[in-house]
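The data block below is work.cif; it holds mmCIF, N, CA and C atoms.
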```cif
data_target
loop_
_atom_site.group_PDB
_atom_site.id
_atom_site.type_symbol
_atom_site.label_atom_id
_atom_site.label_comp_id
_atom_site.auth_asym_id
_atom_site.auth_seq_id
_atom_site.Cartn_x
_atom_site.Cartn_y
_atom_site.Cartn_z
ATOM 1 N N MET S 8 70.894 273.409 -208.393
ATOM 2 C CA MET S 8 70.336 272.568 -209.414
ATOM 3 C C MET S 8 68.859 272.352 -209.120
ATOM 4 N N THR S 9 68.097 272.359 -210.133
ATOM 5 C CA THR S 9 66.667 272.129 -209.972
ATOM 6 C C THR S 9 66.378 270.625 -210.031
ATOM 7 N N ARG S 10 65.188 270.292 -209.647
ATOM 8 C CA ARG S 10 64.760 268.892 -209.707
ATOM 9 C C ARG S 10 64.790 268.390 -211.148
ATOM 10 N N GLU S 11 64.416 269.253 -212.070
ATOM 11 C CA GLU S 11 64.429 268.904 -213.491
ATOM 12 C C GLU S 11 65.858 268.635 -213.979
ATOM 13 N N GLU S 12 66.807 269.441 -213.527
ATOM 14 C CA GLU S 12 68.208 269.229 -213.913
ATOM 15 C C GLU S 12 68.744 267.920 -213.331
ATOM 16 N N LEU S 13 68.358 267.618 -212.103
ATOM 17 C CA LEU S 13 68.768 266.354 -211.501
ATOM 18 C C LEU S 13 68.182 265.184 -212.283
ATOM 19 N N ALA S 14 66.944 265.291 -212.667
ATOM 20 C CA ALA S 14 66.308 264.230 -213.457
ATOM 21 C C ALA S 14 67.053 264.021 -214.772
ATOM 22 N N HIS S 15 67.498 265.098 -215.392
ATOM 23 C CA HIS S 15 68.258 264.999 -216.638
ATOM 24 C C HIS S 15 69.574 264.239 -216.407
ATOM 25 N N ILE S 16 70.273 264.565 -215.332
ATOM 26 C CA ILE S 16 71.523 263.870 -214.995
ATOM 27 C C ILE S 16 71.269 262.384 -214.800
ATOM 28 N N LEU S 17 70.204 262.055 -214.081
ATOM 29 C CA LEU S 17 69.894 260.647 -213.821
ATOM 30 C C LEU S 17 69.537 259.895 -215.099
ATOM 31 N N ARG S 18 68.770 260.532 -215.972
ATOM 32 C CA ARG S 18 68.435 259.886 -217.254
ATOM 33 C C ARG S 18 69.693 259.651 -218.081
ATOM 34 N N ALA S 19 70.567 260.651 -218.148
ATOM 35 C CA ALA S 19 71.797 260.530 -218.937
ATOM 36 C C ALA S 19 72.711 259.452 -218.360
ATOM 37 N N ALA S 20 72.895 259.438 -217.044
ATOM 38 C CA ALA S 20 73.762 258.436 -216.416
ATOM 39 C C ALA S 20 73.205 257.026 -216.640
ATOM 40 N N ALA S 21 71.900 256.878 -216.497
ATOM 41 C CA ALA S 21 71.278 255.567 -216.701
ATOM 42 C C ALA S 21 71.465 255.092 -218.139
ATOM 43 N N LYS S 22 71.350 256.001 -219.090
ATOM 44 C CA LYS S 22 71.514 255.642 -220.504
ATOM 45 C C LYS S 22 72.958 255.277 -220.807
ATOM 46 N N ILE S 23 73.908 256.085 -220.324
ATOM 47 C CA ILE S 23 75.326 255.823 -220.578
ATOM 48 C C ILE S 23 75.749 254.487 -219.978
ATOM 49 N N ALA S 24 75.337 254.222 -218.746
ATOM 50 C CA ALA S 24 75.728 252.998 -218.050
ATOM 51 C C ALA S 24 74.818 251.817 -218.374
ATOM 52 N N ASP S 25 73.734 252.081 -219.084
ATOM 53 C CA ASP S 25 72.729 251.051 -219.365
ATOM 54 C C ASP S 25 72.289 250.377 -218.066
ATOM 55 N N ASP S 26 72.030 251.224 -217.062
ATOM 56 C CA ASP S 26 71.640 250.732 -215.736
ATOM 57 C C ASP S 26 70.747 251.776 -215.072
ATOM 58 N N PRO S 27 69.467 251.481 -214.888
ATOM 59 C CA PRO S 27 68.563 252.466 -214.296
ATOM 60 C C PRO S 27 68.614 252.522 -212.760
ATOM 61 N N GLY S 28 69.356 251.610 -212.133
ATOM 62 C CA GLY S 28 69.391 251.546 -210.672
ATOM 63 C C GLY S 28 70.397 252.527 -210.091
ATOM 64 N N ILE S 29 69.972 253.771 -209.893
ATOM 65 C CA ILE S 29 70.865 254.829 -209.434
ATOM 66 C C ILE S 29 70.408 255.349 -208.079
ATOM 67 N N LEU S 30 71.380 255.579 -207.216
ATOM 68 C CA LEU S 30 71.129 256.163 -205.910
ATOM 69 C C LEU S 30 71.768 257.547 -205.869
ATOM 70 N N VAL S 31 70.990 258.558 -205.514
ATOM 71 C CA VAL S 31 71.513 259.918 -205.366
ATOM 72 C C VAL S 31 71.921 260.085 -203.913
ATOM 73 N N ILE S 32 73.168 260.471 -203.697
ATOM 74 C CA ILE S 32 73.672 260.684 -202.345
ATOM 75 C C ILE S 32 74.094 262.141 -202.201
ATOM 76 N N GLY S 33 74.262 262.595 -201.010
ATOM 77 C CA GLY S 33 74.683 263.975 -200.802
ATOM 78 C C GLY S 33 73.519 264.941 -200.794
ATOM 79 N N SER S 34 73.844 266.214 -200.888
ATOM 80 C CA SER S 34 72.843 267.269 -200.707
ATOM 81 C C SER S 34 71.730 267.252 -201.744
ATOM 82 N N GLN S 35 72.012 266.793 -202.946
ATOM 83 C CA GLN S 35 70.991 266.808 -203.989
ATOM 84 C C GLN S 35 69.946 265.711 -203.826
ATOM 85 N N SER S 36 70.194 264.759 -202.949
ATOM 86 C CA SER S 36 69.225 263.678 -202.752
ATOM 87 C C SER S 36 67.885 264.199 -202.239
ATOM 88 N N ILE S 37 67.901 265.327 -201.574
ATOM 89 C CA ILE S 37 66.651 265.879 -201.031
ATOM 90 C C ILE S 37 65.714 266.371 -202.133
ATOM 91 N N LEU S 38 66.250 266.630 -203.329
ATOM 92 C CA LEU S 38 65.403 267.078 -204.439
ATOM 93 C C LEU S 38 64.395 266.013 -204.858
ATOM 94 N N GLY S 39 64.651 264.776 -204.489
ATOM 95 C CA GLY S 39 63.697 263.716 -204.790
ATOM 96 C C GLY S 39 62.464 263.754 -203.911
ATOM 97 N N SER S 40 62.558 264.460 -202.795
ATOM 98 C CA SER S 40 61.435 264.521 -201.861
ATOM 99 C C SER S 40 60.744 265.869 -201.795
ATOM 100 N N TYR S 41 61.490 266.927 -202.112
ATOM 101 C CA TYR S 41 60.939 268.280 -201.991
ATOM 102 C C TYR S 41 61.271 269.103 -203.230
ATOM 103 N N PRO S 42 60.347 269.936 -203.689
ATOM 104 C CA PRO S 42 60.664 270.845 -204.791
ATOM 105 C C PRO S 42 61.673 271.895 -204.330
ATOM 106 N N GLU S 43 62.513 272.346 -205.252
ATOM 107 C CA GLU S 43 63.594 273.253 -204.885
ATOM 108 C C GLU S 43 63.117 274.551 -204.234
ATOM 109 N N GLU S 44 61.926 275.016 -204.541
ATOM 110 C CA GLU S 44 61.445 276.270 -203.941
ATOM 111 C C GLU S 44 61.125 276.139 -202.449
ATOM 112 N N LEU S 45 61.005 274.918 -201.939
ATOM 113 C CA LEU S 45 60.770 274.703 -200.512
ATOM 114 C C LEU S 45 62.066 274.484 -199.731
ATOM 115 N N LEU S 46 63.176 274.436 -200.431
ATOM 116 C CA LEU S 46 64.460 274.145 -199.793
ATOM 117 C C LEU S 46 65.302 275.404 -199.659
ATOM 118 N N PRO S 47 66.243 275.414 -198.711
ATOM 119 C CA PRO S 47 67.115 276.577 -198.569
ATOM 120 C C PRO S 47 68.004 276.742 -199.802
ATOM 121 N N GLU S 48 68.342 277.968 -200.092
ATOM 122 C CA GLU S 48 69.104 278.300 -201.299
ATOM 123 C C GLU S 48 70.383 277.476 -201.494
ATOM 124 N N PRO S 49 71.180 277.219 -200.468
ATOM 125 C CA PRO S 49 72.411 276.451 -200.711
ATOM 126 C C PRO S 49 72.173 275.083 -201.345
ATOM 127 N N VAL S 50 71.014 274.479 -201.109
ATOM 128 C CA VAL S 50 70.729 273.159 -201.681
ATOM 129 C C VAL S 50 70.579 273.244 -203.188
ATOM 130 N N TRP S 51 69.787 274.173 -203.665
ATOM 131 C CA TRP S 51 69.539 274.204 -205.109
ATOM 132 C C TRP S 51 70.556 275.026 -205.882
ATOM 133 N N LEU S 52 71.532 275.607 -205.215
ATOM 134 C CA LEU S 52 72.612 276.301 -205.921
ATOM 135 C C LEU S 52 73.744 275.353 -206.305
ATOM 136 N N SER S 53 73.771 274.171 -205.719
ATOM 137 C CA SER S 53 74.818 273.208 -206.042
ATOM 138 C C SER S 53 74.752 272.837 -207.518
ATOM 139 N N MET S 54 75.901 272.692 -208.137
ATOM 140 C CA MET S 54 75.961 272.356 -209.564
ATOM 141 C C MET S 54 76.424 270.921 -209.800
ATOM 142 N N GLU S 55 76.478 270.129 -208.753
ATOM 143 C CA GLU S 55 76.914 268.749 -208.923
ATOM 144 C C GLU S 55 76.006 267.799 -208.162
ATOM 145 N N ALA S 56 75.968 266.581 -208.642
ATOM 146 C CA ALA S 56 75.181 265.540 -207.980
ATOM 147 C C ALA S 56 76.063 264.321 -207.795
ATOM 148 N N ASP S 57 76.019 263.743 -206.625
ATOM 149 C CA ASP S 57 76.765 262.522 -206.338
ATOM 150 C C ASP S 57 75.819 261.343 -206.523
ATOM 151 N N ILE S 58 76.219 260.414 -207.367
ATOM 152 C CA ILE S 58 75.372 259.253 -207.642
ATOM 153 C C ILE S 58 76.193 257.976 -207.508
ATOM 154 N N ALA S 59 75.494 256.895 -207.265
ATOM 155 C CA ALA S 59 76.097 255.561 -207.217
ATOM 156 C C ALA S 59 75.113 254.598 -207.871
ATOM 157 N N PHE S 60 75.647 253.598 -208.516
ATOM 158 C CA PHE S 60 74.788 252.585 -209.115
ATOM 159 C C PHE S 60 74.545 251.486 -208.087
ATOM 160 N N LEU S 61 73.305 251.078 -207.972
ATOM 161 C CA LEU S 61 72.916 250.108 -206.953
ATOM 162 C C LEU S 61 73.496 248.726 -207.208
ATOM 163 N N ASP S 62 73.660 248.357 -208.459
ATOM 164 C CA ASP S 62 74.169 247.037 -208.806
ATOM 165 C C ASP S 62 75.552 247.186 -209.429
ATOM 166 N N ASP S 63 76.515 247.679 -208.658
ATOM 167 C CA ASP S 63 77.865 247.933 -209.142
ATOM 168 C C ASP S 63 78.726 246.697 -208.914
ATOM 169 N N PRO S 64 79.112 246.005 -209.970
ATOM 170 C CA PRO S 64 79.908 244.777 -209.801
ATOM 171 C C PRO S 64 81.313 245.059 -209.260
ATOM 172 N N ASP S 65 81.782 246.295 -209.368
ATOM 173 C CA ASP S 65 83.122 246.641 -208.878
ATOM 174 C C ASP S 65 83.102 247.121 -207.424
ATOM 175 N N ALA S 66 81.939 247.217 -206.831
ATOM 176 C CA ALA S 66 81.843 247.689 -205.449
ATOM 177 C C ALA S 66 82.548 246.710 -204.506
ATOM 178 N N TYR S 67 83.253 247.263 -203.551
ATOM 179 C CA TYR S 67 83.923 246.456 -202.531
ATOM 180 C C TYR S 67 84.908 245.448 -203.107
ATOM 181 N N GLY S 68 85.433 245.735 -204.282
ATOM 182 C CA GLY S 68 86.442 244.868 -204.866
ATOM 183 C C GLY S 68 85.898 243.552 -205.422
ATOM 184 N N CYS S 69 84.578 243.417 -205.517
ATOM 185 C CA CYS S 69 83.968 242.180 -206.025
ATOM 186 C C CYS S 69 83.835 242.264 -207.535
ATOM 187 N N ARG S 70 84.340 241.298 -208.220
ATOM 188 C CA ARG S 70 84.194 241.226 -209.665
ATOM 189 C C ARG S 70 83.678 239.842 -210.029
ATOM 190 N N SER S 71 82.779 239.825 -211.031
ATOM 191 C CA SER S 71 82.259 238.525 -211.433
ATOM 192 C C SER S 71 83.033 237.969 -212.595
#
```
Here is a file; write its structure as C-alpha cells.
Amino acid sequence: MTREELAHILRAAAKIADDPGILVIGSQSILGSYPEELLPEPVWLSMEADIAFLDDPDAYGCRS
C-alpha cells in the first residue's frame, strides 16, 4: 500500500466514524514517517492497515 492509499483509508474511516482521532498500528504505521520508495518491498505490498480510534468509548469494557 502506498502512503496515498493509507491516507485514503484514514480519511474514509474518520468520515464513517465521525472521529478524526485515528492511530495506525502494525506495519503500515511506518508509512507516516517514510515514503514507500525508501522502505523494503514487504512493507508497501501489504493490502491492509490496522487502525484504532484514540477516543474509543468501548475500549477496555468502559461505556458511558
Hey, what comes out of the PyMOL selection byres (((chain S and resi 16 and name CA) around 12) and name CA) on this file? Could you write it as number ranges by chain?
S: 8-15, 17-23, 27, 29-31, 35, 54-58
I need the chosen residues saved as a PDB file, in the frame of the given file, with N, CA and C atoms.
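Now in selection_23.pdb:
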```
ATOM      1  N   MET S   8      70.894 273.409-208.393  1.00  0.00           N
ATOM      2  CA  MET S   8      70.336 272.568-209.414  1.00  0.00           C
ATOM      3  C   MET S   8      68.859 272.352-209.120  1.00  0.00           C
ATOM      4  N   THR S   9      68.097 272.359-210.133  1.00  0.00           N
ATOM      5  CA  THR S   9      66.667 272.129-209.972  1.00  0.00           C
ATOM      6  C   THR S   9      66.378 270.625-210.031  1.00  0.00           C
ATOM      7  N   ARG S  10      65.188 270.292-209.647  1.00  0.00           N
ATOM      8  CA  ARG S  10      64.760 268.892-209.707  1.00  0.00           C
ATOM      9  C   ARG S  10      64.790 268.390-211.148  1.00  0.00           C
ATOM     10  N   GLU S  11      64.416 269.253-212.070  1.00  0.00           N
ATOM     11  CA  GLU S  11      64.429 268.904-213.491  1.00  0.00           C
ATOM     12  C   GLU S  11      65.858 268.635-213.979  1.00  0.00           C
ATOM     13  N   GLU S  12      66.807 269.441-213.527  1.00  0.00           N
ATOM     14  CA  GLU S  12      68.208 269.229-213.913  1.00  0.00           C
ATOM     15  C   GLU S  12      68.744 267.920-213.331  1.00  0.00           C
ATOM     16  N   LEU S  13      68.358 267.618-212.103  1.00  0.00           N
ATOM     17  CA  LEU S  13      68.768 266.354-211.501  1.00  0.00           C
ATOM     18  C   LEU S  13      68.182 265.184-212.283  1.00  0.00           C
ATOM     19  N   ALA S  14      66.944 265.291-212.667  1.00  0.00           N
ATOM     20  CA  ALA S  14      66.308 264.230-213.457  1.00  0.00           C
ATOM     21  C   ALA S  14      67.053 264.021-214.772  1.00  0.00           C
ATOM     22  N   HIS S  15      67.498 265.098-215.392  1.00  0.00           N
ATOM     23  CA  HIS S  15      68.258 264.999-216.638  1.00  0.00           C
ATOM     24  C   HIS S  15      69.574 264.239-216.407  1.00  0.00           C
ATOM     25  N   LEU S  17      70.204 262.055-214.081  1.00  0.00           N
ATOM     26  CA  LEU S  17      69.894 260.647-213.821  1.00  0.00           C
ATOM     27  C   LEU S  17      69.537 259.895-215.099  1.00  0.00           C
ATOM     28  N   ARG S  18      68.770 260.532-215.972  1.00  0.00           N
ATOM     29  CA  ARG S  18      68.435 259.886-217.254  1.00  0.00           C
ATOM     30  C   ARG S  18      69.693 259.651-218.081  1.00  0.00           C
ATOM     31  N   ALA S  19      70.567 260.651-218.148  1.00  0.00           N
ATOM     32  CA  ALA S  19      71.797 260.530-218.937  1.00  0.00           C
ATOM     33  C   ALA S  19      72.711 259.452-218.360  1.00  0.00           C
ATOM     34  N   ALA S  20      72.895 259.438-217.044  1.00  0.00           N
ATOM     35  CA  ALA S  20      73.762 258.436-216.416  1.00  0.00           C
ATOM     36  C   ALA S  20      73.205 257.026-216.640  1.00  0.00           C
ATOM     37  N   ALA S  21      71.900 256.878-216.497  1.00  0.00           N
ATOM     38  CA  ALA S  21      71.278 255.567-216.701  1.00  0.00           C
ATOM     39  C   ALA S  21      71.465 255.092-218.139  1.00  0.00           C
ATOM     40  N   LYS S  22      71.350 256.001-219.090  1.00  0.00           N
ATOM     41  CA  LYS S  22      71.514 255.642-220.504  1.00  0.00           C
ATOM     42  C   LYS S  22      72.958 255.277-220.807  1.00  0.00           C
ATOM     43  N   ILE S  23      73.908 256.085-220.324  1.00  0.00           N
ATOM     44  CA  ILE S  23      75.326 255.823-220.578  1.00  0.00           C
ATOM     45  C   ILE S  23      75.749 254.487-219.978  1.00  0.00           C
ATOM     46  N   PRO S  27      69.467 251.481-214.888  1.00  0.00           N
ATOM     47  CA  PRO S  27      68.563 252.466-214.296  1.00  0.00           C
ATOM     48  C   PRO S  27      68.614 252.522-212.760  1.00  0.00           C
ATOM     49  N   ILE S  29      69.972 253.771-209.893  1.00  0.00           N
ATOM     50  CA  ILE S  29      70.865 254.829-209.434  1.00  0.00           C
ATOM     51  C   ILE S  29      70.408 255.349-208.079  1.00  0.00           C
ATOM     52  N   LEU S  30      71.380 255.579-207.216  1.00  0.00           N
ATOM     53  CA  LEU S  30      71.129 256.163-205.910  1.00  0.00           C
ATOM     54  C   LEU S  30      71.768 257.547-205.869  1.00  0.00           C
ATOM     55  N   VAL S  31      70.990 258.558-205.514  1.00  0.00           N
ATOM     56  CA  VAL S  31      71.513 259.918-205.366  1.00  0.00           C
ATOM     57  C   VAL S  31      71.921 260.085-203.913  1.00  0.00           C
ATOM     58  N   GLN S  35      72.012 266.793-202.946  1.00  0.00           N
ATOM     59  CA  GLN S  35      70.991 266.808-203.989  1.00  0.00           C
ATOM     60  C   GLN S  35      69.946 265.711-203.826  1.00  0.00           C
ATOM     61  N   MET S  54      75.901 272.692-208.137  1.00  0.00           N
ATOM     62  CA  MET S  54      75.961 272.356-209.564  1.00  0.00           C
ATOM     63  C   MET S  54      76.424 270.921-209.800  1.00  0.00           C
ATOM     64  N   GLU S  55      76.478 270.129-208.753  1.00  0.00           N
ATOM     65  CA  GLU S  55      76.914 268.749-208.923  1.00  0.00           C
ATOM     66  C   GLU S  55      76.006 267.799-208.162  1.00  0.00           C
ATOM     67  N   ALA S  56      75.968 266.581-208.642  1.00  0.00           N
ATOM     68  CA  ALA S  56      75.181 265.540-207.980  1.00  0.00           C
ATOM     69  C   ALA S  56      76.063 264.321-207.795  1.00  0.00           C
ATOM     70  N   ASP S  57      76.019 263.743-206.625  1.00  0.00           N
ATOM     71  CA  ASP S  57      76.765 262.522-206.338  1.00  0.00           C
ATOM     72  C   ASP S  57      75.819 261.343-206.523  1.00  0.00           C
ATOM     73  N   ILE S  58      76.219 260.414-207.367  1.00  0.00           N
ATOM     74  CA  ILE S  58      75.372 259.253-207.642  1.00  0.00           C
ATOM     75  C   ILE S  58      76.193 257.976-207.508  1.00  0.00           C
TER      76      ILE S  58
END
```
Quick check, in Å to one decimal: how far apart do atom N of Phe60 of chain S and atom CA of Pro42 of chain S lie?
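Atom CA of Pro42 of chain S lies 23.1 Å from atom N of Phe60 of chain S.
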I'd like to know which residues of chain S are alpha helix (DSSP H) (by DSSP, run on the backbone); could you write them as a VMD selection string?
chain S and resid 10 to 24 48 to 52
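If you look at atom N of Ile37 of chain S and atom CA of Val50 of chain S, they are 8.3 Å away from each other.
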I'd like the box whose edges run along x, y and z of the file and which contains every listed atom of segment 27-46 of chain S, padded by 5 Å per side; could you state its centre and edge lengths in Å, one decimal, as JSON?
```
{"center_x": 67.5, "center_y": 263.9, "center_z": -207.3, "size_x": 24.3, "size_y": 34.8, "size_z": 25.2}
```
Between atom C of Ser40 of chain S and atom N of Ser53 of chain S, what is the distance, to one decimal in Å?
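Interatomic distance here is 15.9 Å.
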When DSSP works through the backbone of this structure, what residues of chain S end up as strand (DSSP E), shown as a PDB file with N, CA and C atoms, in the coordinates of the input?
```
ATOM      1  N   ILE S  29      69.972 253.771-209.893  1.00  0.00           N
ATOM      2  CA  ILE S  29      70.865 254.829-209.434  1.00  0.00           C
ATOM      3  C   ILE S  29      70.408 255.349-208.079  1.00  0.00           C
ATOM      4  N   LEU S  30      71.380 255.579-207.216  1.00  0.00           N
ATOM      5  CA  LEU S  30      71.129 256.163-205.910  1.00  0.00           C
ATOM      6  C   LEU S  30      71.768 257.547-205.869  1.00  0.00           C
ATOM      7  N   VAL S  31      70.990 258.558-205.514  1.00  0.00           N
ATOM      8  CA  VAL S  31      71.513 259.918-205.366  1.00  0.00           C
ATOM      9  C   VAL S  31      71.921 260.085-203.913  1.00  0.00           C
ATOM     10  N   ILE S  32      73.168 260.471-203.697  1.00  0.00           N
ATOM     11  CA  ILE S  32      73.672 260.684-202.345  1.00  0.00           C
ATOM     12  C   ILE S  32      74.094 262.141-202.201  1.00  0.00           C
ATOM     13  N   ASP S  57      76.019 263.743-206.625  1.00  0.00           N
ATOM     14  CA  ASP S  57      76.765 262.522-206.338  1.00  0.00           C
ATOM     15  C   ASP S  57      75.819 261.343-206.523  1.00  0.00           C
ATOM     16  N   ILE S  58      76.219 260.414-207.367  1.00  0.00           N
ATOM     17  CA  ILE S  58      75.372 259.253-207.642  1.00  0.00           C
ATOM     18  C   ILE S  58      76.193 257.976-207.508  1.00  0.00           C
ATOM     19  N   ALA S  59      75.494 256.895-207.265  1.00  0.00           N
ATOM     20  CA  ALA S  59      76.097 255.561-207.217  1.00  0.00           C
ATOM     21  C   ALA S  59      75.113 254.598-207.871  1.00  0.00           C
ATOM     22  N   PHE S  60      75.647 253.598-208.516  1.00  0.00           N
ATOM     23  CA  PHE S  60      74.788 252.585-209.115  1.00  0.00           C
ATOM     24  C   PHE S  60      74.545 251.486-208.087  1.00  0.00           C
TER      25      PHE S  60
END
```
